[in-house]
file protein_14.pdb (PDB, C-alpha atoms)
MODEL        1
ATOM      1  CA  MET O 240     140.167  67.181  25.470
ATOM      2  CA  ARG O 241     140.678  68.599  28.945
ATOM      3  CA  LEU O 242     139.831  72.050  27.645
ATOM      4  CA  LEU O 243     136.574  70.764  26.174
ATOM      5  CA  ALA O 244     135.618  69.135  29.474
ATOM      6  CA  PHE O 245     136.343  72.379  31.329
ATOM      7  CA  GLN O 246     134.177  74.341  28.894
ATOM      8  CA  ILE O 247     131.293  71.883  29.341
ATOM      9  CA  LEU O 248     131.650  72.241  33.114
ATOM     10  CA  LEU O 249     131.510  76.023  32.817
ATOM     11  CA  LEU O 250     128.365  75.823  30.676
ATOM     12  CA  CYS O 251     126.740  73.570  33.298
ATOM     13  CA  PHE O 252     127.439  76.099  36.052
ATOM     14  CA  ALA O 253     126.173  78.974  33.909
ATOM     15  CA  GLY O 254     122.999  77.027  33.128
ATOM     16  CA  TRP O 255     122.461  76.303  36.831
ATOM     17  CA  GLY O 256     122.772  79.996  37.642
ATOM     18  CA  VAL O 257     120.201  80.970  35.020
ATOM     19  CA  ALA O 258     117.813  78.148  35.907
ATOM     20  CA  PHE O 259     117.774  78.747  39.641
ATOM     21  CA  ASN O 260     118.336  82.519  39.650
ATOM     22  CA  VAL O 261     119.686  82.779  43.214
ATOM     23  CA  ARG O 262     117.411  85.148  45.086
ATOM     24  CA  ALA O 263     118.305  87.789  47.629
ATOM     25  CA  VAL O 264     116.740  87.504  51.070
ATOM     26  CA  SER O 265     114.381  90.307  52.054
ATOM     27  CA  LEU O 266     112.961  91.261  55.387
ATOM     28  CA  THR O 267     109.180  90.927  55.570
ATOM     29  CA  ARG O 268     108.598  91.794  59.220
ATOM     30  CA  GLY O 269     110.468  93.188  62.192
ATOM     31  CA  PRO O 270     112.834  93.040  63.788
ATOM     32  CA  ASP O 271     110.702  93.213  66.937
ATOM     33  CA  VAL O 272     112.432  93.339  70.295
ATOM     34  CA  SER O 273     111.175  91.986  73.635
ATOM     35  CA  LEU O 274     113.216  93.079  76.611
ATOM     36  CA  THR O 275     113.998  92.309  80.185
ATOM     37  CA  SER O 276     116.752  94.041  82.148
ATOM     38  CA  THR O 277     119.338  91.517  81.021
ATOM     39  CA  ASN O 278     117.864  89.711  78.029
ATOM     40  CA  ALA O 279     116.527  90.672  74.612
ATOM     41  CA  VAL O 280     114.633  88.471  72.212
ATOM     42  CA  ILE O 281     114.762  89.668  68.612
ATOM     43  CA  ARG O 282     112.301  88.309  66.077
ATOM     44  CA  TRP O 283     111.968  88.940  62.367
ATOM     45  CA  THR O 284     110.728  87.186  59.258
ATOM     46  CA  THR O 285     112.175  86.868  55.781
ATOM     47  CA  ASP O 286     110.656  85.990  52.434
ATOM     48  CA  THR O 287     112.921  82.990  51.927
ATOM     49  CA  GLU O 288     114.692  80.602  54.267
ATOM     50  CA  SER O 289     117.949  81.915  55.602
ATOM     51  CA  GLY O 290     120.163  81.718  58.639
ATOM     52  CA  SER O 291     119.695  83.996  61.644
ATOM     53  CA  ARG O 292     122.392  86.194  63.013
ATOM     54  CA  VAL O 293     122.347  89.169  65.363
ATOM     55  CA  GLN O 294     125.458  91.230  65.940
ATOM     56  CA  PHE O 295     125.275  93.717  68.744
ATOM     57  CA  GLY O 296     127.276  96.031  70.955
ATOM     58  CA  VAL O 297     127.167  99.254  72.909
ATOM     59  CA  SER O 298     128.463 101.309  69.995
ATOM     60  CA  LEU O 299     127.249 101.309  66.421
ATOM     61  CA  GLY O 300     130.869 101.174  65.422
ATOM     62  CA  ARG O 301     131.514  98.188  67.630
ATOM     63  CA  LEU O 302     129.018  95.370  67.188
ATOM     64  CA  ASP O 303     131.382  92.931  68.851
ATOM     65  CA  ARG O 304     128.965  90.283  70.107
ATOM     66  CA  ARG O 305     127.203  87.773  67.906
ATOM     67  CA  VAL O 306     124.390  85.268  68.372
ATOM     68  CA  GLN O 307     123.180  82.894  65.695
ATOM     69  CA  GLY O 308     119.834  81.122  65.355
ATOM     70  CA  ALA O 309     118.183  78.500  63.218
ATOM     71  CA  VAL O 310     117.622  78.515  59.469
ATOM     72  CA  GLY O 311     114.066  79.376  58.421
ATOM     73  CA  THR O 312     111.778  82.245  57.543
ATOM     74  CA  GLU O 313     110.718  82.933  61.169
ATOM     75  CA  HIS O 314     113.796  84.063  63.060
ATOM     76  CA  THR O 315     114.227  84.298  66.822
ATOM     77  CA  VAL O 316     117.489  85.105  68.531
ATOM     78  CA  GLU O 317     117.981  85.668  72.244
ATOM     79  CA  LEU O 318     120.679  87.970  73.569
ATOM     80  CA  ARG O 319     121.675  87.182  77.159
ATOM     81  CA  GLU O 320     123.743  88.731  79.913
ATOM     82  CA  LEU O 321     122.994  92.312  78.883
ATOM     83  CA  LYS O 322     123.588  95.220  81.222
ATOM     84  CA  PRO O 323     120.463  96.884  82.622
ATOM     85  CA  GLY O 324     119.801 100.458  81.550
ATOM     86  CA  THR O 325     122.128 100.220  78.568
ATOM     87  CA  LEU O 326     121.723 101.268  74.953
ATOM     88  CA  TYR O 327     122.617  98.482  72.533
ATOM     89  CA  TYR O 328     122.879  98.655  68.762
ATOM     90  CA  PHE O 329     122.314  95.579  66.651
ATOM     91  CA  THR O 330     122.025  94.219  63.163
ATOM     92  CA  ALA O 331     119.702  91.321  62.375
ATOM     93  CA  GLY O 332     119.970  89.266  59.253
ATOM     94  CA  THR O 333     121.519  86.258  57.644
ATOM     95  CA  ALA O 334     124.986  84.976  58.401
ATOM     96  CA  ARG O 335     126.287  87.040  55.514
ATOM     97  CA  VAL O 336     124.051  90.076  55.216
ATOM     98  CA  PRO O 337     122.588  92.365  57.868
ATOM     99  CA  LEU O 338     119.001  93.079  56.832
ATOM    100  CA  ALA O 339     118.190  95.660  59.479
ATOM    101  CA  THR O 340     120.071  97.862  61.896
ATOM    102  CA  ASN O 341     118.503  99.214  65.037
ATOM    103  CA  TRP O 342     118.866  99.735  68.742
ATOM    104  CA  PHE O 343     117.194  99.116  72.082
ATOM    105  CA  THR O 344     117.710 100.143  75.659
ATOM    106  CA  THR O 345     117.446  97.552  78.403
ATOM    107  CA  PRO O 346     115.249  98.665  81.320
ATOM    108  CA  ASN O 347     116.911  99.622  84.569
ATOM    109  CA  LEU O 348     116.642  97.111  87.387
ATOM    110  CA  LYS O 349     114.708  99.696  89.402
ATOM    111  CA  GLY O 350     112.653 100.692  86.366
ATOM    112  CA  PRO O 351     109.780  98.833  84.736
ATOM    113  CA  PRO O 352     109.363  95.275  86.033
ATOM    114  CA  ASP O 353     111.094  92.504  84.150
ATOM    115  CA  ASN O 354     109.355  90.597  81.394
ATOM    116  CA  VAL O 355     106.833  93.271  80.598
ATOM    117  CA  ALA O 356     108.985  95.781  78.792
ATOM    118  CA  ILE O 357     108.334  95.247  75.137
ATOM    119  CA  THR O 358     109.644  97.738  72.656
ATOM    120  CA  PRO O 359     107.508  98.618  69.698
ATOM    121  CA  ALA O 360     108.392  97.070  66.411
ATOM    122  CA  VAL O 361     111.521  98.892  65.459
ATOM    123  CA  GLU O 362     110.770  98.578  61.757
ATOM    124  CA  GLU O 363     107.545  98.871  59.875
ATOM    125  CA  PRO O 364     106.583  95.580  58.242
ATOM    126  CA  THR O 365     108.242  95.883  54.911
ATOM    127  CA  SER O 366     109.941  94.027  52.177
ATOM    128  CA  ARG O 367     113.271  95.700  51.856
ATOM    129  CA  PRO O 368     115.956  94.696  49.410
ATOM    130  CA  GLU O 369     119.194  93.880  51.155
ATOM    131  CA  THR O 370     121.064  95.970  48.619
ATOM    132  CA  ASN O 371     119.846  99.135  50.288
ATOM    133  CA  PRO O 372     120.039  98.519  54.017
ATOM    134  CA  GLY O 373     119.936 101.403  56.413
ATOM    135  CA  THR O 374     117.599 103.598  54.422
ATOM    136  CA  GLN O 375     114.571 102.591  56.480
ATOM    137  CA  ALA O 376     116.307 101.917  59.783
ATOM    138  CA  ARG O 377     114.923 103.893  62.671
ATOM    139  CA  PRO O 378     117.779 105.864  64.162
ATOM    140  CA  PRO O 379     118.602 106.217  67.838
ATOM    141  CA  PRO O 380     117.837 109.594  69.428
ATOM    142  CA  THR O 381     119.794 112.511  68.025
ATOM    143  CA  GLN O 382     121.676 113.035  71.276
ATOM    144  CA  VAL O 383     123.068 109.535  70.824
ATOM    145  CA  THR O 384     124.091 109.850  67.175
ATOM    146  CA  TRP O 385     125.348 113.441  66.929
ATOM    147  CA  GLY O 386     128.774 114.111  68.389
ATOM    148  CA  SER O 387     128.216 117.557  69.854
ATOM    149  CA  ALA O 388     124.571 118.482  70.399
ATOM    150  CA  ARG O 389     125.300 122.214  70.627
ATOM    151  CA  THR O 390     126.663 122.233  67.070
ATOM    152  CA  LEU O 391     123.859 120.357  65.346
ATOM    153  CA  GLN O 392     121.735 123.405  64.505
ATOM    154  CA  ASP O 393     124.684 125.037  62.744
ATOM    155  CA  HIS O 394     125.538 121.944  60.725
ATOM    156  CA  PHE O 395     121.881 121.647  59.760
ATOM    157  CA  ASP O 396     121.771 125.313  58.753
ATOM    158  CA  ARG O 397     124.771 124.857  56.512
ATOM    159  CA  HIS O 398     124.177 121.406  55.084
ATOM    160  CA  GLY O 399     120.617 120.319  55.770
ATOM    161  CA  ALA O 400     119.498 121.475  52.334
ATOM    162  CA  ASP O 401     122.025 119.109  50.703
ATOM    163  CA  PHE O 402     119.790 116.258  51.816
ATOM    164  CA  GLY O 403     116.397 117.933  51.953
ATOM    165  CA  ALA O 404     116.428 117.527  55.742
ATOM    166  CA  ARG O 405     113.289 118.841  57.447
ATOM    167  CA  ASP O 406     114.951 119.807  60.716
ATOM    168  CA  PRO O 407     118.128 119.144  62.714
ATOM    169  CA  ASP O 408     116.848 115.797  63.992
ATOM    170  CA  ASP O 409     116.051 114.636  60.486
ATOM    171  CA  TYR O 410     119.487 115.769  59.320
ATOM    172  CA  ALA O 411     121.188 113.859  62.164
ATOM    173  CA  ALA O 412     119.060 110.802  61.418
ATOM    174  CA  GLN O 413     120.078 110.876  57.772
ATOM    175  CA  ALA O 414     123.733 111.072  58.761
ATOM    176  CA  TRP O 415     123.273 108.012  60.984
ATOM    177  CA  ARG O 416     121.517 106.086  58.227
ATOM    178  CA  PHE O 417     124.349 106.971  55.873
ATOM    179  CA  LEU O 418     126.819 105.222  58.177
ATOM    180  CA  VAL O 419     124.551 102.207  58.532
ATOM    181  CA  ARG O 420     124.272 101.905  54.763
ATOM    182  CA  ALA O 421     127.973 102.567  54.272
ATOM    183  CA  LYS O 422     128.821  99.667  56.552
ATOM    184  CA  ALA O 423     126.327  97.370  54.894
ATOM    185  CA  VAL O 424     127.307  98.026  51.293
ATOM    186  CA  GLY O 425     130.942  98.971  51.828
ATOM    187  CA  LEU O 426     131.122 102.580  50.695
ATOM    188  CA  PRO O 427     134.625 104.034  50.358
ATOM    189  CA  ALA O 428     135.930 105.005  53.781
ATOM    190  CA  LYS O 429     139.073 106.170  55.514
ATOM    191  CA  ILE O 430     140.191 106.278  59.123
ATOM    192  CA  ASP O 431     142.829 108.749  60.239
ATOM    193  CA  GLU O 432     145.248 108.609  63.157
ATOM    194  CA  ASP O 433     142.727 110.294  65.425
ATOM    195  CA  GLY O 434     140.106 107.649  64.742
ATOM    196  CA  VAL O 435     137.980 109.936  62.590
ATOM    197  CA  LEU O 436     136.090 107.926  59.997
ATOM    198  CA  ARG O 437     135.343 109.595  56.673
ATOM    199  CA  VAL O 438     132.832 108.046  54.287
ATOM    200  CA  PHE O 439     131.955 109.028  50.737
ATOM    201  CA  ASP O 440     129.256 107.948  48.325
ATOM    202  CA  ALA O 441     130.281 108.919  44.798
ATOM    203  CA  GLN O 442     126.807 108.202  43.473
ATOM    204  CA  SER O 443     124.967 110.658  45.701
ATOM    205  CA  GLY O 444     127.963 112.884  46.394
ATOM    206  CA  ALA O 445     127.390 112.591  50.153
ATOM    207  CA  PHE O 446     130.304 112.780  52.565
ATOM    208  CA  ALA O 447     130.285 112.296  56.312
ATOM    209  CA  ALA O 448     132.819 112.281  59.093
ATOM    210  CA  TYR O 449     132.310 110.341  62.307
ATOM    211  CA  ASN O 450     134.071 110.386  65.638
ATOM    212  CA  ARG O 451     135.830 107.351  67.042
ATOM    213  CA  ASP O 452     132.658 106.359  68.907
ATOM    214  CA  GLY O 453     130.533 106.438  65.740
ATOM    215  CA  THR O 454     128.836 109.748  66.457
ATOM    216  CA  THR O 455     128.582 112.206  63.584
ATOM    217  CA  LYS O 456     130.897 115.180  63.158
ATOM    218  CA  THR O 457     129.411 116.501  59.936
ATOM    219  CA  TYR O 458     127.450 115.398  56.864
ATOM    220  CA  PHE O 459     127.397 117.291  53.592
ATOM    221  CA  LYS O 460     127.913 117.151  49.839
ATOM    222  CA  PRO O 461     131.300 118.518  48.827
ATOM    223  CA  GLY O 462     131.480 120.521  45.644
ATOM    224  CA  ARG O 463     134.981 119.475  44.718
ATOM    225  CA  ARG O 464     135.355 116.153  42.913
ATOM    226  CA  ARG O 465     138.583 115.139  44.624
ATOM    227  CA  TYR O 466     137.504 116.191  48.079
ATOM    228  CA  PHE O 467     137.299 112.702  49.546
ATOM    229  CA  ALA O 468     140.466 111.548  47.783
ATOM    230  CA  ASP O 469     142.363 114.443  49.338
ATOM    231  CA  GLN O 470     141.149 113.775  52.869
ATOM    232  CA  PRO O 471     143.632 112.132  55.255
ATOM    233  CA  GLY O 472     143.384 108.571  56.516
ATOM    234  CA  LYS O 473     143.911 104.981  55.543
ATOM    235  CA  SER O 474     141.323 103.301  53.327
ATOM    236  CA  VAL O 475     139.222 100.681  55.078
ATOM    237  CA  ASP O 476     136.615  98.204  53.901
ATOM    238  CA  LEU O 477     133.731  98.857  56.245
ATOM    239  CA  ARG O 478     132.162  95.466  55.486
ATOM    240  CA  LYS O 479     135.239  93.604  56.635
ATOM    241  CA  LEU O 480     135.842  95.787  59.626
ATOM    242  CA  PRO O 481     133.690  94.668  62.554
ATOM    243  CA  ASP O 482     135.011  97.541  64.622
ATOM    244  CA  VAL O 483     135.389 100.875  62.880
ATOM    245  CA  GLN O 484     137.206 102.247  65.896
ATOM    246  CA  PRO O 485     140.984 101.972  65.609
ATOM    247  CA  PRO O 486     142.961 100.611  68.562
ATOM    248  CA  ARG O 487     143.195 103.054  71.394
TER     249      ARG O 487
ATOM    250  CA  MET R 279     137.218 119.390  90.639
ATOM    251  CA  LYS R 280     136.289 119.081  86.981
ATOM    252  CA  SER R 281     138.576 121.026  84.700
ATOM    253  CA  ARG R 282     137.219 123.063  81.809
ATOM    254  CA  PRO R 283     137.734 121.415  78.417
ATOM    255  CA  LYS R 284     140.588 122.954  76.474
ATOM    256  CA  SER R 285     139.448 125.544  73.983
ATOM    257  CA  HIS R 286     141.071 126.719  70.775
ATOM    258  CA  PRO R 287     141.017 130.091  69.036
ATOM    259  CA  CYS R 288     139.451 130.523  65.624
ATOM    260  CA  PRO R 289     142.208 131.538  63.195
ATOM    261  CA  VAL R 290     139.688 133.470  61.131
ATOM    262  CA  CYS R 291     137.926 135.712  63.634
ATOM    263  CA  GLY R 292     139.673 135.090  66.947
ATOM    264  CA  TYR R 293     136.708 133.461  68.714
ATOM    265  CA  PRO R 294     138.451 131.833  71.661
ATOM    266  CA  ASP R 295     136.309 128.798  72.422
ATOM    267  CA  LEU R 296     136.440 126.294  69.559
ATOM    268  CA  THR R 297     136.240 122.826  71.070
ATOM    269  CA  GLU R 298     138.778 121.284  68.712
ATOM    270  CA  THR R 299     141.920 122.462  67.053
ATOM    271  CA  PRO R 300     140.897 123.511  63.522
ATOM    272  CA  ARG R 301     143.222 120.968  61.944
ATOM    273  CA  SER R 302     144.344 117.818  63.706
ATOM    274  CA  HIS R 303     147.859 116.416  63.534
ATOM    275  CA  SER R 304     146.623 113.875  60.977
ATOM    276  CA  GLY R 305     146.006 116.845  58.676
ATOM    277  CA  GLY R 306     142.229 116.649  58.640
ATOM    278  CA  GLY R 307     139.881 119.497  59.357
ATOM    279  CA  SER R 308     137.880 119.374  62.566
ATOM    280  CA  TYR R 309     134.607 120.056  60.666
ATOM    281  CA  GLU R 310     133.748 122.386  63.530
ATOM    282  CA  ILE R 311     131.847 125.500  62.500
ATOM    283  CA  CYS R 312     133.000 128.623  64.271
ATOM    284  CA  PRO R 313     129.866 130.009  65.918
ATOM    285  CA  SER R 314     131.211 133.517  65.644
ATOM    286  CA  CYS R 315     132.125 133.793  61.952
ATOM    287  CA  GLY R 316     130.709 130.560  60.506
ATOM    288  CA  TYR R 317     133.926 129.213  59.004
ATOM    289  CA  GLN R 318     133.881 125.410  58.856
ATOM    290  CA  PHE R 319     137.317 123.850  59.084
ATOM    291  CA  GLY R 320     137.822 121.102  56.541
ATOM    292  CA  VAL R 321     134.970 122.419  54.401
ATOM    293  CA  ASP R 322     135.462 126.101  53.672
ATOM    294  CA  ASP R 323     139.186 125.532  53.235
ATOM    295  CA  ASP R 324     139.401 122.002  51.770
ATOM    296  CA  ASP R 325     136.265 122.085  49.664
ATOM    297  CA  ARG R 326     135.384 125.673  48.913
ATOM    298  CA  ARG R 327     139.005 126.797  48.868
ATOM    299  CA  VAL R 328     138.320 129.974  50.807
ATOM    300  CA  SER R 329     141.368 131.086  52.774
ATOM    301  CA  PHE R 330     141.163 132.361  56.331
ATOM    302  CA  SER R 331     142.035 135.896  55.245
ATOM    303  CA  GLU R 332     139.472 135.955  52.412
ATOM    304  CA  TYR R 333     136.760 134.711  54.712
ATOM    305  CA  ARG R 334     137.771 137.123  57.449
ATOM    306  CA  GLU R 335     137.556 140.015  55.021
ATOM    307  CA  ARG R 336     134.052 138.991  53.994
ATOM    308  CA  TRP R 337     133.004 138.591  57.603
ATOM    309  CA  VAL R 338     134.367 142.005  58.544
ATOM    310  CA  ASN R 339     132.759 143.623  55.500
ATOM    311  CA  GLY R 340     129.495 141.918  56.418
ATOM    312  CA  GLY R 341     129.461 143.669  59.785
ATOM    313  CA  MET R 342     131.039 140.980  62.012
ATOM    314  CA  THR R 343     127.700 139.550  63.064
ATOM    315  CA  TRP R 344     127.379 136.477  65.280
ATOM    316  CA  TRP R 345     126.862 133.552  62.905
ATOM    317  CA  SER R 346     125.458 130.692  64.964
ATOM    318  CA  ARG R 347     121.787 130.078  65.613
ATOM    319  CA  GLY R 348     122.537 127.073  67.834
ATOM    320  CA  ILE R 349     125.145 128.608  70.126
ATOM    321  CA  LEU R 350     124.272 131.811  71.891
ATOM    322  CA  GLU R 351     126.374 134.916  71.541
ATOM    323  CA  PRO R 352     128.416 135.338  74.752
ATOM    324  CA  PRO R 353     127.392 138.213  77.031
ATOM    325  CA  ASN R 354     129.239 141.398  76.116
ATOM    326  CA  TRP R 355     130.659 139.756  73.023
ATOM    327  CA  ASN R 356     133.044 142.123  71.324
ATOM    328  CA  PRO R 357     133.952 141.034  67.791
ATOM    329  CA  ARG R 358     136.473 143.823  67.356
ATOM    330  CA  ALA R 359     138.448 142.843  70.455
ATOM    331  CA  GLN R 360     138.235 139.213  69.403
ATOM    332  CA  LEU R 361     139.445 139.996  65.906
ATOM    333  CA  ALA R 362     142.374 141.987  67.268
ATOM    334  CA  THR R 363     143.767 138.823  68.859
ATOM    335  CA  VAL R 364     144.070 137.256  65.403
ATOM    336  CA  LEU R 365     145.258 140.305  63.562
ATOM    337  CA  GLY R 366     147.854 140.914  66.244
ATOM    338  CA  LYS R 367     149.299 137.482  65.526
ATOM    339  CA  SER R 368     149.320 137.729  61.726
TER     340      SER R 368
ENDMDL
END

call {"tool": "encode", "arguments": {"input": "protein_14.pdb", "output": "structure tokens"}}
result
Amino acid sequence: MRLLAFQILLLCFAGWGVAFNVRAVSLTRGPDVSLTSTNAVIRWTTDTESGSRVQFGVSLGRLDRRVQGAVGTEHTVELRELKPGTLYYFTAGTARVPLATNWFTTPNLKGPPDNVAITPAVEEPTSRPETNPGTQARPPPTQVTWGSARTLQDHFDRHGADFGARDPDDYAAQAWRFLVRAKAVGLPAKIDEDGVLRVFDAQSGAFAAYNRDGTTKTYFKPGRRRYFADQPGKSVDLRKLPDVQPPR
Amino acid sequence: MKSRPKSHPCPVCGYPDLTETPRSHSGGGSYEICPSCGYQFGVDDDDRRVSFSEYRERWVNGGMTWWSRGILEPPNWNPRAQLATVLGKS
């Protein structure tokens, strides 16, 4: 009798899932950023009602501050007590899923006057499935994302063709987007004793290594199937790891 | 006074100014590309399975030309003298 009741309960849940077909939230506009020297207001819209959360920090690998906003389709979140003249990275999205990753730089106190510095929309208005975050994100400048600027040309010369990169900046941008996507969808990753993060996407065959601060060391497609498996480091779940940098 | 960052020799061609040791103590390659010979540590060895000596032989047979387009060849660069520092050790 109990078994029958349990089966009926299961059927009810299955029916509910089919009937309501739970829908993923997609970004429809933004995020747009309005800045002063010490505050940032981030606005975006979604196609369905969802919560609002911004995680931010001074390193892409360390988004250690969080601000939440109201539930709705029009989202506004204010970040306070920022440092002037500082580059911040952030994700904007629901409480569970980051829908966009981007960055802004607060104006210097001696720079443009407060309350007039408004960054352009950091994303084109778009409806982007949350299953593929990072692919459209606008990357920070290459000198911010690439570990050693003097080496970029050589890495591009060797590996740019793996990704159809147009030029070194495009190659560096793709490597940055790969990390953004890896963190959003939880691609296989390892961190070694030196804090080097290695990420692999079996589907595309792309591999990247990042320094402790999140800057890129290299990005390429290995030819050997077990390449990533043979690399050193401890496996980490990038989605559950708010800080990809190991303790210093 | 700011000290010069420590440099490391390339075990393939003897270039003296790699910015990282080719293989860290964790066992991973540095992924640095030697601007002199073009060997990438952690890629040419771990992925393409080309040993230092094989690569060196190819580089020597290819005329020991400066590989990098992004890093300029040092003034008075002498690949033979550089190579001798490696061969003298092996």

call {"tool": "residues_around", "arguments": {"input": "protein_14.pdb", "residues": "segment 331-341 of chain R", "least_positions_apart": "6", "cutoff": "8 Å", "atoms": "all atoms listed in the file", "output": "number ranges by chain"}}
result
R: 290-291, 315, 317

call {"tool": "resolve_selection", "arguments": {"input": "protein_14.pdb", "expression": "the PyMOL selection byres ((chain O) within 9 of (chain R))", "output": "ChimeraX atom specification"}}
result
/O:389-394,396,431-433,435,448,456-457,461-463,465-466,469-472

call {"tool": "resolve_selection", "arguments": {"input": "protein_14.pdb", "expression": "the PyMOL selection byres ((chain O and resi 305) around 7)", "output": "VMD selection string"}}
result
chain O and resid 293 to 295 303 to 304 306 to 307

call {"tool": "residues_around", "arguments": {"input": "protein_14.pdb", "residues": "segment 353-357 of chain R", "least_positions_apart": "6", "cutoff": "9 Å", "atoms": "only C-alpha atoms", "output": "ChimeraX atom specification"}}
result
/R:291-293,314,342-344

call {"tool": "closest_residue", "arguments": {"input": "protein_14.pdb", "among": "O:Ser474, O:Thr384, O:Gln413, O:Thr275", "to": "Tyr328 of chain O", "atoms": "only C-alpha atoms"}}
result
O:Thr384

call {"tool": "atom_distance", "arguments": {"input": "protein_14.pdb", "atom1": "atom CA of Pro407 of chain O", "atom2": "atom CA of Trp385 of chain O"}}
result
10.1 Å

call {"tool": "atom_distance", "arguments": {"input": "protein_14.pdb", "atom1": "atom CA of Thr333 of chain O", "atom2": "atom CA of Val438 of chain O"}}
result
24.8 Å

call {"tool": "atom_distance", "arguments": {"input": "protein_14.pdb", "atom1": "atom CA of Ala331 of chain O", "atom2": "atom CA of Asp406 of chain O"}}
result
28.9 Å

call {"tool": "closest_residue", "arguments": {"input": "protein_14.pdb", "among": "O:Ala445, O:Leu321, O:Ala428, O:Ala388", "to": "Arg416 of chain O", "atoms": "only C-alpha atoms"}}
result
O:Ala445

call {"tool": "resolve_selection", "arguments": {"input": "protein_14.pdb", "expression": "the PyMOL selection byres ((chain O and resi 340) around 6)", "output": "list in words"}}
result
Phe329, Thr330, Ala339, Asn341 and Ala376 of chain O

call {"tool": "residues_near_point", "arguments": {"input": "protein_14.pdb", "point": "(114.7, 88.1, 53.6)", "cutoff": "6 Å", "atoms": "only C-alpha atoms", "output": "list in words"}}
result
Val264, Ser265, Leu266, Thr285, Asp286 and Thr287 of chain O

call {"tool": "closest_residue", "arguments": {"input": "protein_14.pdb", "among": "R:Asp295, R:Leu365, R:Arg301, R:Phe319", "to": "Glu351 of chain R", "atoms": "all atoms listed in the file"}}
result
R:Asp295

call {"tool": "residues_near_point", "arguments": {"input": "protein_14.pdb", "point": "(117.0, 83.4, 72.4)", "cutoff": "8 Å", "atoms": "only C-alpha atoms", "output": "PyMOL selection string"}}
result
chain O and resi 279-281+308+315-319

call {"tool": "residues_around", "arguments": {"input": "protein_14.pdb", "residues": "Gly366 of chain R", "least_positions_apart": "5", "cutoff": "12 Å", "atoms": "only C-alpha atoms", "output": "list in words"}}
result
Pro289, Cys291, Gly292, Arg358, Ala359, Gln360 and Leu361 of chain R

call {"tool": "write_last_selection", "arguments": {"input": "protein_14.pdb", "atoms": "C-alpha atoms", "output": "JSON list (two decimals), in the coordinates of the input"}}
result
[["chain", "number", "residue", "atom", "x", "y", "z"],
["R", 289, "PRO", "CA", 142.21, 131.54, 63.20],
["R", 291, "CYS", "CA", 137.93, 135.71, 63.63],
["R", 292, "GLY", "CA", 139.67, 135.09, 66.95],
["R", 358, "ARG", "CA", 136.47, 143.82, 67.36],
["R", 359, "ALA", "CA", 138.45, 142.84, 70.46],
["R", 360, "GLN", "CA", 138.24, 139.21, 69.40],
["R", 361, "LEU", "CA", 139.44, 140.00, 65.91]]

call {"tool": "axis_aligned_box", "arguments": {"input": "protein_14.pdb", "around": "segment 385-391 of chain O", "padding_each_side": "3 Å", "output": "lines of an AutoDock Vina configuration file"}}
result
center_x = 126.3
center_y = 117.8
center_z = 68.0
size_x = 10.9
size_y = 14.8
size_z = 11.3

call {"tool": "residues_around", "arguments": {"input": "protein_14.pdb", "residues": "Phe439 of chain O", "least_positions_apart": "4", "cutoff": "12 Å", "atoms": "all atoms listed in the file", "output": "NGL selection string"}}
result
:O and (414 or 417-418 or 420-422 or 424-429 or 443-449 or 458-461 or 464-470 or 474-475 or 477)

call {"tool": "closest_residue", "arguments": {"input": "protein_14.pdb", "among": "O:Thr345, O:Thr454, O:Thr325, O:Gln442", "to": "Val297 of chain O", "atoms": "all atoms listed in the file"}}
result
O:Thr325
